[in-house]
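Text of protein-v2.tsv, listed as TSV, C-alpha atoms and all ligand atoms:
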chain	number	residue	atom	x	y	z
A	513	SER	CA	-19.62	-25.57	1.16
A	514	GLU	CA	-18.51	-22.62	-0.90
A	515	ASP	CA	-21.99	-22.21	-2.36
A	516	GLU	CA	-23.53	-22.07	1.11
A	517	LEU	CA	-21.00	-19.50	2.22
A	518	ARG	CA	-21.69	-17.35	-0.82
A	519	LYS	CA	-25.43	-17.60	-0.25
A	520	ARG	CA	-24.98	-16.61	3.39
A	521	ALA	CA	-22.82	-13.60	2.44
A	522	LEU	CA	-25.50	-12.37	0.04
A	523	GLU	CA	-28.25	-12.88	2.63
A	524	ILE	CA	-26.38	-10.89	5.26
A	525	LYS	CA	-25.52	-8.12	2.82
A	526	ARG	CA	-29.21	-7.85	1.92
A	527	GLU	CA	-30.28	-7.91	5.57
A	528	LEU	CA	-27.84	-5.22	6.72
A	529	GLY	CA	-28.24	-2.99	3.64
A	530	ASN	CA	-26.61	0.40	4.15
A	531	ARG	CA	-25.63	-0.49	7.70
A	532	LEU	CA	-22.80	-2.49	6.16
A	533	PHE	CA	-20.01	-1.31	3.86
A	534	ILE	CA	-17.36	-3.54	2.31
A	535	PRO	CA	-14.24	-1.98	0.78
A	536	GLY	CA	-11.96	-4.41	-1.05
A	537	HIS	CA	-8.36	-3.90	-2.13
A	538	HIS	CA	-7.35	-4.96	-5.65
A	539	TYR	CA	-5.11	-7.70	-4.21
A	540	GLN	CA	-8.01	-9.54	-2.57
A	541	LYS	CA	-9.11	-12.97	-3.73
A	542	ASN	CA	-11.98	-13.24	-6.25
A	543	GLU	CA	-14.06	-15.18	-3.71
A	544	VAL	CA	-14.02	-12.09	-1.48
A	545	ILE	CA	-13.82	-9.20	-3.92
A	546	GLU	CA	-17.10	-10.26	-5.55
A	547	PHE	CA	-18.88	-9.05	-2.39
A	548	ALA	CA	-17.08	-5.71	-2.14
A	549	ASP	CA	-19.21	-2.56	-2.39
A	550	THR	CA	-16.20	-0.75	-3.75
A	551	THR	CA	-12.77	-1.83	-4.93
A	552	GLY	CA	-9.72	0.35	-5.17
A	553	ASP	CA	-6.09	1.04	-4.51
A	554	SER	CA	-5.11	2.13	-1.03
A	555	LEU	CA	-5.75	5.80	-1.76
A	556	GLN	CA	-9.24	5.19	-3.10
A	557	LEU	CA	-10.12	2.95	-0.18
A	558	ALA	CA	-8.96	5.62	2.27
A	559	GLN	CA	-11.08	8.20	0.44
A	560	VAL	CA	-14.26	6.13	0.37
A	561	SER	CA	-13.85	5.30	4.05
A	562	ALA	CA	-13.60	9.00	4.82
A	563	GLU	CA	-16.70	9.74	2.73
A	564	ASN	CA	-18.89	6.98	4.11
A	565	GLN	CA	-20.83	8.42	7.04
A	566	GLU	CA	-23.70	6.02	7.30
A	567	ALA	CA	-22.43	2.45	7.52
A	568	GLU	CA	-22.40	1.13	11.07
A	569	TYR	CA	-20.05	-1.70	10.13
A	570	ILE	CA	-17.15	-1.52	7.72
A	571	VAL	CA	-15.86	-5.00	6.97
A	572	PHE	CA	-12.48	-4.22	5.52
A	573	CYS	CA	-11.16	-6.64	2.93
A	574	GLY	CA	-7.51	-5.72	2.82
A	575	VAL	CA	-4.70	-5.63	5.36
A	576	HIS	CA	-4.42	-4.29	8.89
A	577	PHE	CA	-2.92	-0.86	8.13
A	578	MET	CA	-5.75	-0.16	5.68
A	579	ALA	CA	-8.35	-1.04	8.29
A	580	GLU	CA	-6.57	1.24	10.77
A	581	THR	CA	-6.70	4.07	8.25
A	582	ALA	CA	-10.42	3.41	7.75
A	583	ASP	CA	-10.94	3.60	11.53
A	584	ILE	CA	-8.99	6.87	11.72
A	585	LEU	CA	-11.10	8.42	8.96
A	586	THR	CA	-14.55	7.21	9.93
A	587	ASP	CA	-16.89	8.52	12.62
A	588	LYS	CA	-17.01	7.24	16.19
A	589	HIS	CA	-20.29	5.40	15.65
A	590	GLN	CA	-18.75	3.33	12.86
A	591	THR	CA	-17.05	0.02	13.60
A	592	VAL	CA	-14.24	-1.25	11.39
A	593	LEU	CA	-13.75	-5.01	11.30
A	594	LEU	CA	-10.93	-7.04	9.77
A	595	PRO	CA	-12.09	-10.60	8.95
A	596	ASP	CA	-8.72	-12.09	9.96
A	597	MET	CA	-6.37	-10.35	12.37
A	598	ARG	CA	-3.43	-12.16	10.79
A	599	ALA	CA	-3.89	-10.09	7.64
A	600	GLY	CA	-0.96	-7.78	8.32
A	601	CYS	CA	1.63	-6.32	5.98
A	602	SER	CA	5.25	-7.34	6.40
A	603	MET	CA	6.40	-3.98	5.07
A	604	ALA	CA	4.33	-2.03	7.61
A	605	ASP	CA	5.89	-4.18	10.34
A	606	MET	CA	9.38	-3.10	9.27
A	607	ALA	CA	9.09	0.24	11.09
A	608	ASN	CA	8.20	0.45	14.77
A	609	MET	CA	8.10	3.43	17.11
A	610	GLU	CA	11.30	2.73	19.05
A	611	GLN	CA	13.28	2.41	15.85
A	612	THR	CA	11.70	5.54	14.41
A	613	GLU	CA	12.39	7.63	17.53
A	614	ARG	CA	16.01	6.48	17.49
A	615	ALA	CA	16.38	7.24	13.78
A	616	TRP	CA	14.80	10.67	14.21
A	617	HIS	CA	17.15	11.51	17.04
A	618	LYS	CA	20.16	10.58	14.94
A	619	LEU	CA	18.83	12.52	11.94
A	620	GLN	CA	18.21	15.62	14.06
A	621	ASN	CA	21.80	15.42	15.28
A	622	THR	CA	23.09	14.99	11.76
A	623	PHE	CA	20.89	17.42	9.83
A	624	GLY	CA	19.33	19.70	12.41
A	625	ASP	CA	15.72	20.48	11.57
A	626	ALA	CA	16.18	20.54	7.79
A	627	ILE	CA	14.27	17.27	7.50
A	628	ILE	CA	10.63	16.23	7.15
A	629	PRO	CA	9.19	12.72	7.51
A	630	LEU	CA	6.92	11.10	4.93
A	631	THR	CA	5.40	7.69	5.39
A	632	TYR	CA	3.89	5.36	2.85
A	633	VAL	CA	0.36	4.48	3.97
A	634	ASN	CA	1.69	0.94	4.34
A	635	SER	CA	2.70	1.71	7.91
A	636	THR	CA	1.17	1.40	11.36
A	637	ALA	CA	-1.10	4.11	12.76
A	638	GLU	CA	1.65	4.88	15.30
A	639	ILE	CA	4.14	5.66	12.54
A	640	LYS	CA	1.58	7.83	10.78
A	641	ALA	CA	1.05	9.64	14.10
A	642	PHE	CA	4.79	10.19	14.48
A	643	VAL	CA	4.92	11.67	10.99
A	644	GLY	CA	1.82	13.81	11.62
A	645	LYS	CA	3.36	15.14	14.82
A	646	HIS	CA	6.54	16.19	13.02
A	647	GLY	CA	4.84	18.11	10.22
A	648	GLY	CA	4.97	15.34	7.63
A	649	ALA	CA	2.38	13.49	5.60
A	650	THR	CA	1.37	10.08	4.33
A	651	VAL	CA	1.79	9.08	0.69
A	652	THR	CA	0.38	6.32	-1.47
A	653	SER	CA	1.79	4.87	-4.65
A	654	SER	CA	-0.64	7.00	-6.66
A	655	ASN	CA	0.40	10.36	-5.18
A	656	ALA	CA	4.00	9.78	-4.11
A	657	HIS	CA	5.39	12.24	-6.67
A	658	LYS	CA	3.12	15.06	-5.55
A	659	MET	CA	3.85	14.37	-1.90
A	660	VAL	CA	7.62	14.19	-2.30
A	661	GLU	CA	7.52	17.50	-4.21
A	662	TRP	CA	5.40	18.96	-1.44
A	663	ALA	CA	7.88	17.80	1.21
A	664	PHE	CA	10.84	19.25	-0.70
A	665	ARG	CA	9.07	22.60	-0.77
A	666	LYS	CA	8.99	22.44	3.02
A	667	LYS	CA	12.45	21.06	3.85
A	668	LYS	CA	15.71	20.20	2.19
A	669	ARG	CA	15.59	16.53	3.21
A	670	ILE	CA	13.04	13.78	3.56
A	671	LEU	CA	12.99	10.74	5.81
A	672	PHE	CA	10.90	8.28	3.79
A	673	LEU	CA	9.36	5.32	5.66
A	674	PRO	CA	9.07	2.34	5.41
A	675	ASP	CA	9.48	1.40	1.71
A	676	GLN	CA	12.93	2.27	0.40
A	677	HIS	CA	11.92	1.31	-3.14
A	678	LEU	CA	8.90	3.60	-3.48
A	679	GLY	CA	10.99	6.38	-1.92
A	680	ARG	CA	13.95	5.81	-4.22
A	681	ASN	CA	11.86	5.37	-7.37
A	682	THR	CA	9.85	8.50	-6.70
A	683	ALA	CA	12.78	10.76	-5.79
A	684	PHE	CA	14.75	9.49	-8.78
A	685	ASP	CA	11.86	10.37	-11.12
A	686	LEU	CA	11.89	13.85	-9.63
A	687	GLY	CA	15.56	14.30	-10.47
A	688	VAL	CA	17.28	13.37	-7.21
A	689	PRO	CA	20.39	11.34	-8.15
A	690	LEU	CA	21.04	8.06	-6.36
A	691	SER	CA	24.19	9.61	-4.92
A	692	GLU	CA	22.00	11.99	-2.89
A	693	MET	CA	20.05	9.17	-1.26
A	694	ILE	CA	21.11	7.04	1.67
A	695	VAL	CA	19.53	4.12	3.43
A	696	TRP	CA	18.83	4.06	7.15
A	697	ASN	CA	19.15	0.60	8.65
A	698	PRO	CA	16.73	0.60	11.61
A	699	LYS	CA	18.02	-2.67	13.02
A	700	LEU	CA	21.62	-1.54	13.31
A	701	ASP	CA	20.91	2.20	13.65
A	702	VAL	CA	23.36	3.08	10.91
A	703	PHE	CA	23.39	4.67	7.47
A	704	GLU	CA	24.17	2.36	4.58
A	705	GLY	CA	25.68	3.12	1.22
A	706	GLU	CA	28.06	5.91	0.27
A	707	VAL	CA	27.84	8.41	3.05
A	708	GLY	CA	30.80	10.47	1.87
A	709	LYS	CA	29.07	13.81	1.29
A	710	ILE	CA	26.43	13.72	3.98
A	711	ASP	CA	25.58	17.39	3.42
A	712	GLU	CA	24.34	16.61	-0.07
A	713	VAL	CA	21.93	13.90	1.05
A	714	LYS	CA	18.31	14.72	0.17
A	715	MET	CA	16.52	11.39	0.70
A	716	ILE	CA	16.94	9.17	3.72
A	717	LEU	CA	15.31	5.87	2.82
A	718	TRP	CA	14.10	3.55	5.55
A	719	LYS	CA	15.39	0.04	4.95
A	720	GLY	CA	12.00	-1.59	4.40
A	721	HIS	CA	10.57	-3.38	1.41
A	722	CYS	CA	7.64	-5.41	0.17
A	723	SER	CA	8.49	-9.09	0.17
A	724	VAL	CA	6.03	-9.70	-2.66
A	725	HIS	CA	7.34	-7.06	-5.06
A	726	GLU	CA	11.00	-7.85	-4.37
A	727	ASN	CA	10.31	-11.16	-6.14
A	728	PHE	CA	10.23	-9.37	-9.47
A	729	ARG	CA	13.86	-9.27	-10.47
A	730	LEU	CA	16.05	-7.83	-13.19
A	731	GLU	CA	16.65	-11.33	-14.55
A	732	HIS	CA	12.91	-11.60	-15.31
A	733	VAL	CA	13.00	-8.32	-17.23
A	734	HIS	CA	16.10	-9.37	-19.17
A	735	ALA	CA	14.68	-12.78	-20.02
A	736	LEU	CA	11.61	-11.17	-21.58
A	737	ARG	CA	13.59	-8.47	-23.39
A	738	ASN	CA	15.62	-11.24	-25.03
A	739	THR	CA	12.78	-13.54	-25.97
A	740	GLU	CA	9.82	-11.18	-26.48
A	741	PRO	CA	10.96	-7.62	-27.13
A	742	ASP	CA	7.39	-6.58	-28.02
A	743	ARG	CA	6.03	-7.47	-24.57
A	744	ARG	CA	5.52	-4.30	-22.50
A	745	ILE	CA	6.57	-4.49	-18.86
A	746	LEU	CA	4.32	-2.83	-16.26
A	747	VAL	CA	5.27	-2.92	-12.58
A	748	HIS	CA	4.32	-1.53	-9.18
A	749	PRO	CA	6.76	1.06	-7.73
A	750	GLU	CA	7.32	-1.20	-4.71
A	751	CYS	CA	9.63	-3.13	-7.06
A	752	THR	CA	13.35	-2.37	-6.78
A	753	HIS	CA	14.79	0.62	-8.60
A	754	GLU	CA	16.67	-1.55	-11.09
A	755	VAL	CA	13.45	-3.35	-12.06
A	756	VAL	CA	11.37	-0.17	-12.28
A	757	ASN	CA	14.11	1.50	-14.29
A	758	ALA	CA	14.28	-1.39	-16.75
A	759	SER	CA	10.49	-1.67	-17.13
A	760	ASP	CA	8.28	0.33	-19.51
A	761	TYR	CA	5.69	1.66	-17.07
A	762	ASN	CA	5.16	1.75	-13.33
A	763	GLY	CA	2.36	2.84	-11.06
A	764	SER	CA	-0.16	1.97	-8.36
A	765	THR	CA	-2.63	-0.89	-8.67
A	766	LYS	CA	-5.20	1.57	-10.03
A	767	TYR	CA	-2.70	2.74	-12.67
A	768	ILE	CA	-1.85	-0.85	-13.64
A	769	ILE	CA	-5.53	-1.68	-14.12
A	770	GLN	CA	-6.12	1.46	-16.18
A	771	LYS	CA	-3.07	0.86	-18.36
A	772	ILE	CA	-4.19	-2.67	-19.23
A	773	LYS	CA	-7.76	-1.50	-19.85
A	774	GLU	CA	-6.57	1.12	-22.34
A	775	ALA	CA	-4.17	-1.23	-24.14
A	776	PRO	CA	-5.20	-2.24	-27.68
A	777	PRO	CA	-6.37	-5.84	-28.23
A	778	GLY	CA	-3.57	-8.20	-29.15
A	779	THR	CA	-0.91	-6.33	-27.18
A	780	LYS	CA	1.43	-8.26	-24.93
A	781	TRP	CA	2.08	-7.40	-21.28
A	782	ALA	CA	4.12	-8.67	-18.35
A	783	VAL	CA	2.82	-7.34	-15.05
A	784	GLY	CA	4.91	-7.12	-11.89
A	785	THR	CA	2.46	-7.07	-9.02
A	786	GLU	CA	0.48	-9.31	-6.67
A	787	MET	CA	-0.89	-12.55	-8.08
A	788	ASN	CA	-4.63	-12.06	-7.49
A	789	LEU	CA	-4.61	-8.81	-9.43
A	790	VAL	CA	-2.54	-10.28	-12.26
A	791	ASN	CA	-4.87	-13.29	-12.52
A	792	ARG	CA	-7.92	-11.02	-12.57
A	793	LEU	CA	-6.40	-8.92	-15.35
A	794	ILE	CA	-5.70	-12.10	-17.33
A	795	GLN	CA	-9.32	-13.25	-16.88
A	796	GLN	CA	-10.88	-9.89	-17.66
A	797	HIS	CA	-8.81	-9.08	-20.75
A	798	GLN	CA	-8.70	-12.22	-22.79
A	799	ASP	CA	-8.20	-10.18	-25.95
A	800	LYS	CA	-4.77	-9.19	-24.60
A	801	ASP	CA	-1.81	-11.42	-23.84
A	802	ILE	CA	-0.99	-10.87	-20.15
A	803	ILE	CA	1.50	-12.77	-17.99
A	804	SER	CA	3.14	-12.24	-14.61
A	805	LEU	CA	6.65	-10.75	-14.81
A	806	ASN	CA	7.77	-13.57	-12.50
A	807	PRO	CA	6.48	-16.83	-14.03
A	808	GLU	CA	6.09	-18.28	-10.55
A	809	MET	CA	3.41	-15.69	-9.68
A	810	CYS	CA	3.75	-13.77	-6.43
A	811	PRO	CA	0.95	-13.95	-3.88
A	812	CYS	CA	0.70	-11.66	-0.86
A	813	LEU	CA	0.12	-14.27	1.82
A	814	THR	CA	-1.33	-11.84	4.32
A	815	MET	CA	-3.80	-10.30	1.84
A	816	ASN	CA	-4.86	-13.87	1.13
A	817	ARG	CA	-5.71	-14.48	4.78
A	818	ILE	CA	-9.01	-12.81	4.04
A	819	ASP	CA	-10.81	-15.73	2.46
A	820	LEU	CA	-14.49	-16.55	2.06
A	821	PRO	CA	-14.83	-18.47	5.36
A	822	HIS	CA	-13.26	-15.62	7.41
A	823	PHE	CA	-15.29	-13.05	5.53
A	824	VAL	CA	-18.60	-14.82	6.13
A	825	TRP	CA	-17.67	-15.48	9.78
A	826	SER	CA	-17.09	-11.76	10.23
A	827	LEU	CA	-20.51	-10.95	8.71
A	828	ASP	CA	-22.21	-13.66	10.76
A	829	ARG	CA	-20.85	-12.27	14.00
A	830	ILE	CA	-22.36	-8.88	13.18
A	831	ILE	CA	-25.76	-10.54	12.71
A	832	GLN	CA	-25.31	-12.38	16.01
A	833	GLY	CA	-24.68	-9.08	17.78
A	834	SER	CA	-21.11	-9.98	18.72
A	835	PRO	CA	-18.78	-8.52	16.08
A	836	VAL	CA	-15.16	-9.69	16.21
A	837	ASN	CA	-11.76	-8.29	15.20
A	838	GLU	CA	-12.61	-4.65	15.67
A	839	ILE	CA	-9.82	-2.31	14.60
A	840	LYS	CA	-9.72	0.55	17.05
A	841	VAL	CA	-6.86	3.04	16.94
A	842	ASP	CA	-6.11	4.90	20.18
A	843	SER	CA	-7.71	8.35	19.92
A	844	GLU	CA	-4.53	10.36	20.53
A	845	ILE	CA	-2.66	8.37	17.89
A	846	ALA	CA	-5.62	8.62	15.53
A	847	SER	CA	-5.78	12.40	15.73
A	848	LEU	CA	-2.05	12.81	15.02
A	849	ALA	CA	-2.17	10.22	12.22
A	850	LYS	CA	-5.14	12.08	10.75
A	851	LYS	CA	-3.01	15.20	10.46
A	852	ALA	CA	-0.57	13.29	8.25
A	853	ILE	CA	-3.40	11.82	6.17
A	854	ASP	CA	-5.19	15.17	5.81
A	855	ARG	CA	-1.99	16.78	4.52
A	856	MET	CA	-2.09	14.14	1.78
A	857	PHE	CA	-5.80	14.64	1.09
A	858	GLN	CA	-5.14	18.31	0.24
A	859	PHE	CA	-3.49	17.07	-2.93
A	860	VAL	CA	-6.00	14.53	-4.20
A	901	LIG	P1	-1.74	0.44	-4.04
A	901	LIG	O1	-3.06	-0.26	-4.14
A	901	LIG	O2	-1.91	1.78	-3.43
A	901	LIG	O3	-1.04	0.49	-5.35
A	901	LIG	O4	-0.83	-0.38	-3.00
A	901	LIG	C1	-0.32	-1.62	-3.21
A	901	LIG	C2	-0.05	-2.38	-1.98
A	901	LIG	O5	0.92	-3.05	-1.84
A	901	LIG	C3	-1.01	-2.34	-0.91
A	901	LIG	O6	-0.53	-3.09	0.10
A	902	LIG	FE1	2.31	-5.36	2.27
A	902	LIG	FE2	3.50	-6.05	-0.01
A	902	LIG	FE3	1.35	-7.39	0.79
A	902	LIG	FE4	1.13	-4.85	-0.08
A	902	LIG	S1	1.75	-6.62	-1.27
A	902	LIG	S2	0.16	-5.75	1.74
A	902	LIG	S3	3.07	-3.97	0.68
A	902	LIG	S4	3.36	-7.29	1.86
Written form, structure tokens:
Amino acid sequence: SEDELRKRALEIKRELGNRLFIPGHHYQKNEVIEFADTTGDSLQLAQVSAENQEAEYIVFCGVHFMAETADILTDKHQTVLLPDMRAGCSMADMANMEQTERAWHKLQNTFGDAIIPLTYVNSTAEIKAFVGKHGGATVTSSNAHKMVEWAFRKKKRILFLPDQHLGRNTAFDLGVPLSEMIVWNPKLDVFEGEVGKIDEVKMILWKGHCSVHENFRLEHVHALRNTEPDRRILVHPECTHEVVNASDYNGSTKYIIQKIKEAPPGTKWAVGTEMNLVNRLIQQHQDKDIISLNPEMCPCLTMNRIDLPHFVWSLDRIIQGSPVNEIKVDSEIASLAKKAIDRMFQFV
């Protein structure tokens, strides 16, 4: 039963003490996040993983790319475990190495070496390694502006992987007009959009997206503006440009939480991000009127793969001496990926 599982989780946590560390992303279910030693957005979770030197086992409650990043940043004696290997990220899976090599080749032919790659942390370790190897860096939704500025100081153009929306939203905020951005379609190996003045292009946006955040649409914003003009709209920058542009505020999960925390009692909010976080905000701030921007609520199915039974199973296997689902990034890939991550850490 759920009670037994919870009791078991507490027992194991007590037994392993500092040998065990549990980071939990803000999108995780309540039944799991209650056992996390730390919660955070992807940047914070990467930082705490890098700082933790003592835990032998890191049971990562989040998705695969986050666990890979934790493995890259922790010491050799530390083992990173993902309670369910099916907890991937559909956006991270939208860029693979073959596609990226082909795109890079085409971009080199088109722009020479006046281009630098940046990848959202929501990408595989291989893609991070590719970016590290070519002088680029990783970015998260909480430092994307700083990192895009950094990249523009280095080169005239940026290849931004794999989330076109975060790339577009960030560059637009920094003053790059939409006419100076094009989309690279990695399935067809072609540019999309108006490619008339190719010389003026500054942002090459990989055609990837988050299937959760694309569910928040302009029609939802308009419906609220018509019926409840006093409801503030707060979204994640993985939402499309039209939605971010029409909303009042946008930022990472950490920013969203902070914004709601600081809001005066009685204020009304519509939040455009993953369902578990929105539900938690609703529960924790009952003095404020909070709803999801999409009334249907938008769960991240892969984040939700980490449930209490998988979590406790993962802990149990540690106790039994046979841990499962170890995330181990190849050492050559890890060291190149670390270059990209370290270039980001300079700025946080
Ligand atoms: P942040 O927690 O960095 O805002 O990222 C959101 C996300 O989609 C993670 O997969
Ligand atoms: Fe990936 Fe989107 Fe889920 Fe985040 S919310 S893990 S970007 S699919």
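Near A:Lys525, within 9 Å and counting all atoms listed in the file, sit A:Leu532, A:Phe533, A:Phe547, A:Leu827, not including residues fewer than 6 positions from it in the same chain.
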Which residues sit within 8 Å of ligand LIG 901 (chain A), counting all atoms listed in the file, listed as JSON, numbers by chain?
{"A": [537, 538, 539, 552, 553, 554, 555, 574, 575, 601, 634, 652, 653, 654, 722, 748, 750, 763, 764, 765, 766, 767, 786]}
Applying 10 Å and only C-alpha atoms, which residues near A:Leu820 remain after dropping the ones on its own chain fewer than 2 positions away? List them as a list in words.
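Near neighbours after the sequence-gap exclusion: Glu514, Leu517, Arg518, Ala521, Lys541, Asn542, Glu543, Val544, Ile545, Phe547, Pro595, Arg817, Ile818, His822, Phe823, Val824, Trp825 and Ser826 of chain A.
Minimum atom-to-atom distance to A:Ile627, evaluated using all atoms listed in the file, belongs to A:Ile670 out of A:Ile670, A:Val733, A:Met815, A:Ala604.
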Build an axis-aligned box that encloses every atom of ligand LIG 902 (chain A) listed in the file, pad it by 4 Å on each side, and report its centre and edge lengths in Å to one decimal, as lines of an AutoDock Vina configuration file.
center_x = 1.8
center_y = -5.7
center_z = 0.5
size_x = 11.3
size_y = 11.4
size_z = 11.5
Length of the atom CA of A:Arg680 to atom CA of A:Ala582 vector [Å]:
27.3 Å
Which residue out of A:Glu844, A:Asp801, A:Asp605, A:Glu740 has the minimum interatomic distance to ligand LIG 902 (chain A) when all atoms listed in the file are used?
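Looking at the shortest contact to ligand LIG 902 (chain A), the residue is A:Asp605.
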Residue nearest ligand LIG 902 (chain A) - candidates A:Val841, A:Ile745, A:Leu630, A:Ala599, atoms counted: only C-alpha atoms and all ligand atoms
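Of A:Val841, A:Ile745, A:Leu630, A:Ala599, the one nearest ligand LIG 902 (chain A), counting only C-alpha atoms and all ligand atoms, is A:Ala599.
All protein and nucleic acid residues in the vicinity of (17.0, 25.1, 4.7), that is within 12 Å when counting only C-alpha atoms, are Phe623, Gly624, Asp625, Ala626, Ile627, Ile628, Phe664, Arg665, Lys666, Lys667, Lys668, Arg669, Asp711 and Lys714 of chain A.
With distances restricted to all atoms listed in the file, A:Ser602 is the closest residue to ligand LIG 902 (chain A) from A:Asn655, A:Asn806, A:Ser602, A:Thr650.
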I'd like to know which of A:Tyr632, A:Trp781, A:Trp718, A:Phe642 is closest to ligand LIG 902 (chain A), using all atoms listed in the file.
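Among the listed residues, A:Tyr632 lies closest to ligand LIG 902 (chain A).
Relative to atom CA of A:Phe672, atom CA of A:Ile716 is found at 6.1 Å.
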Tell me, in Å to one decimal, how far atom CA of A:Pro689 is from atom CA of A:Ala656.
17.0 Å
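Using only C-alpha atoms and all ligand atoms, the shortest contact distance between ligand LIG 902 (chain A) and any of A:Gly720, A:Gly687, A:Gly679, A:Gly705 is found at A:Gly720.
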Find the spatial neighbours of A:Ala846, counting all atoms listed in the file, within a cut-off of 12 Å - ignore same-chain residues fewer than 2 positions away - and output them as a VMD selection string.
chain A and resid 580 to 588 636 to 645 839 to 844 848 to 854
Excluding A:Glu692 and its own-chain neighbours fewer than 4 positions away, which residues fall within 9 Å of it when counting only C-alpha atoms? Please give them as an MDAnalysis selection string.
chainID A and resid 688 709:710 712:716
Show me, as a JSON list (two decimals) with C-alpha atoms, in the frame of the given file, the residues that have an atom within 8 Å of A:Ser635 when counting all atoms listed in the file, minus same-chain residues fewer than 6 positions from it.
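In the end it all went to selection24.json:
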[["chain", "number", "residue", "atom", "x", "y", "z"],
["A", 577, "PHE", "CA", -2.92, -0.86, 8.13],
["A", 603, "MET", "CA", 6.40, -3.98, 5.07],
["A", 604, "ALA", "CA", 4.33, -2.03, 7.61],
["A", 605, "ASP", "CA", 5.89, -4.18, 10.34],
["A", 607, "ALA", "CA", 9.09, 0.24, 11.09],
["A", 673, "LEU", "CA", 9.36, 5.32, 5.66],
["A", 674, "PRO", "CA", 9.07, 2.34, 5.41]]
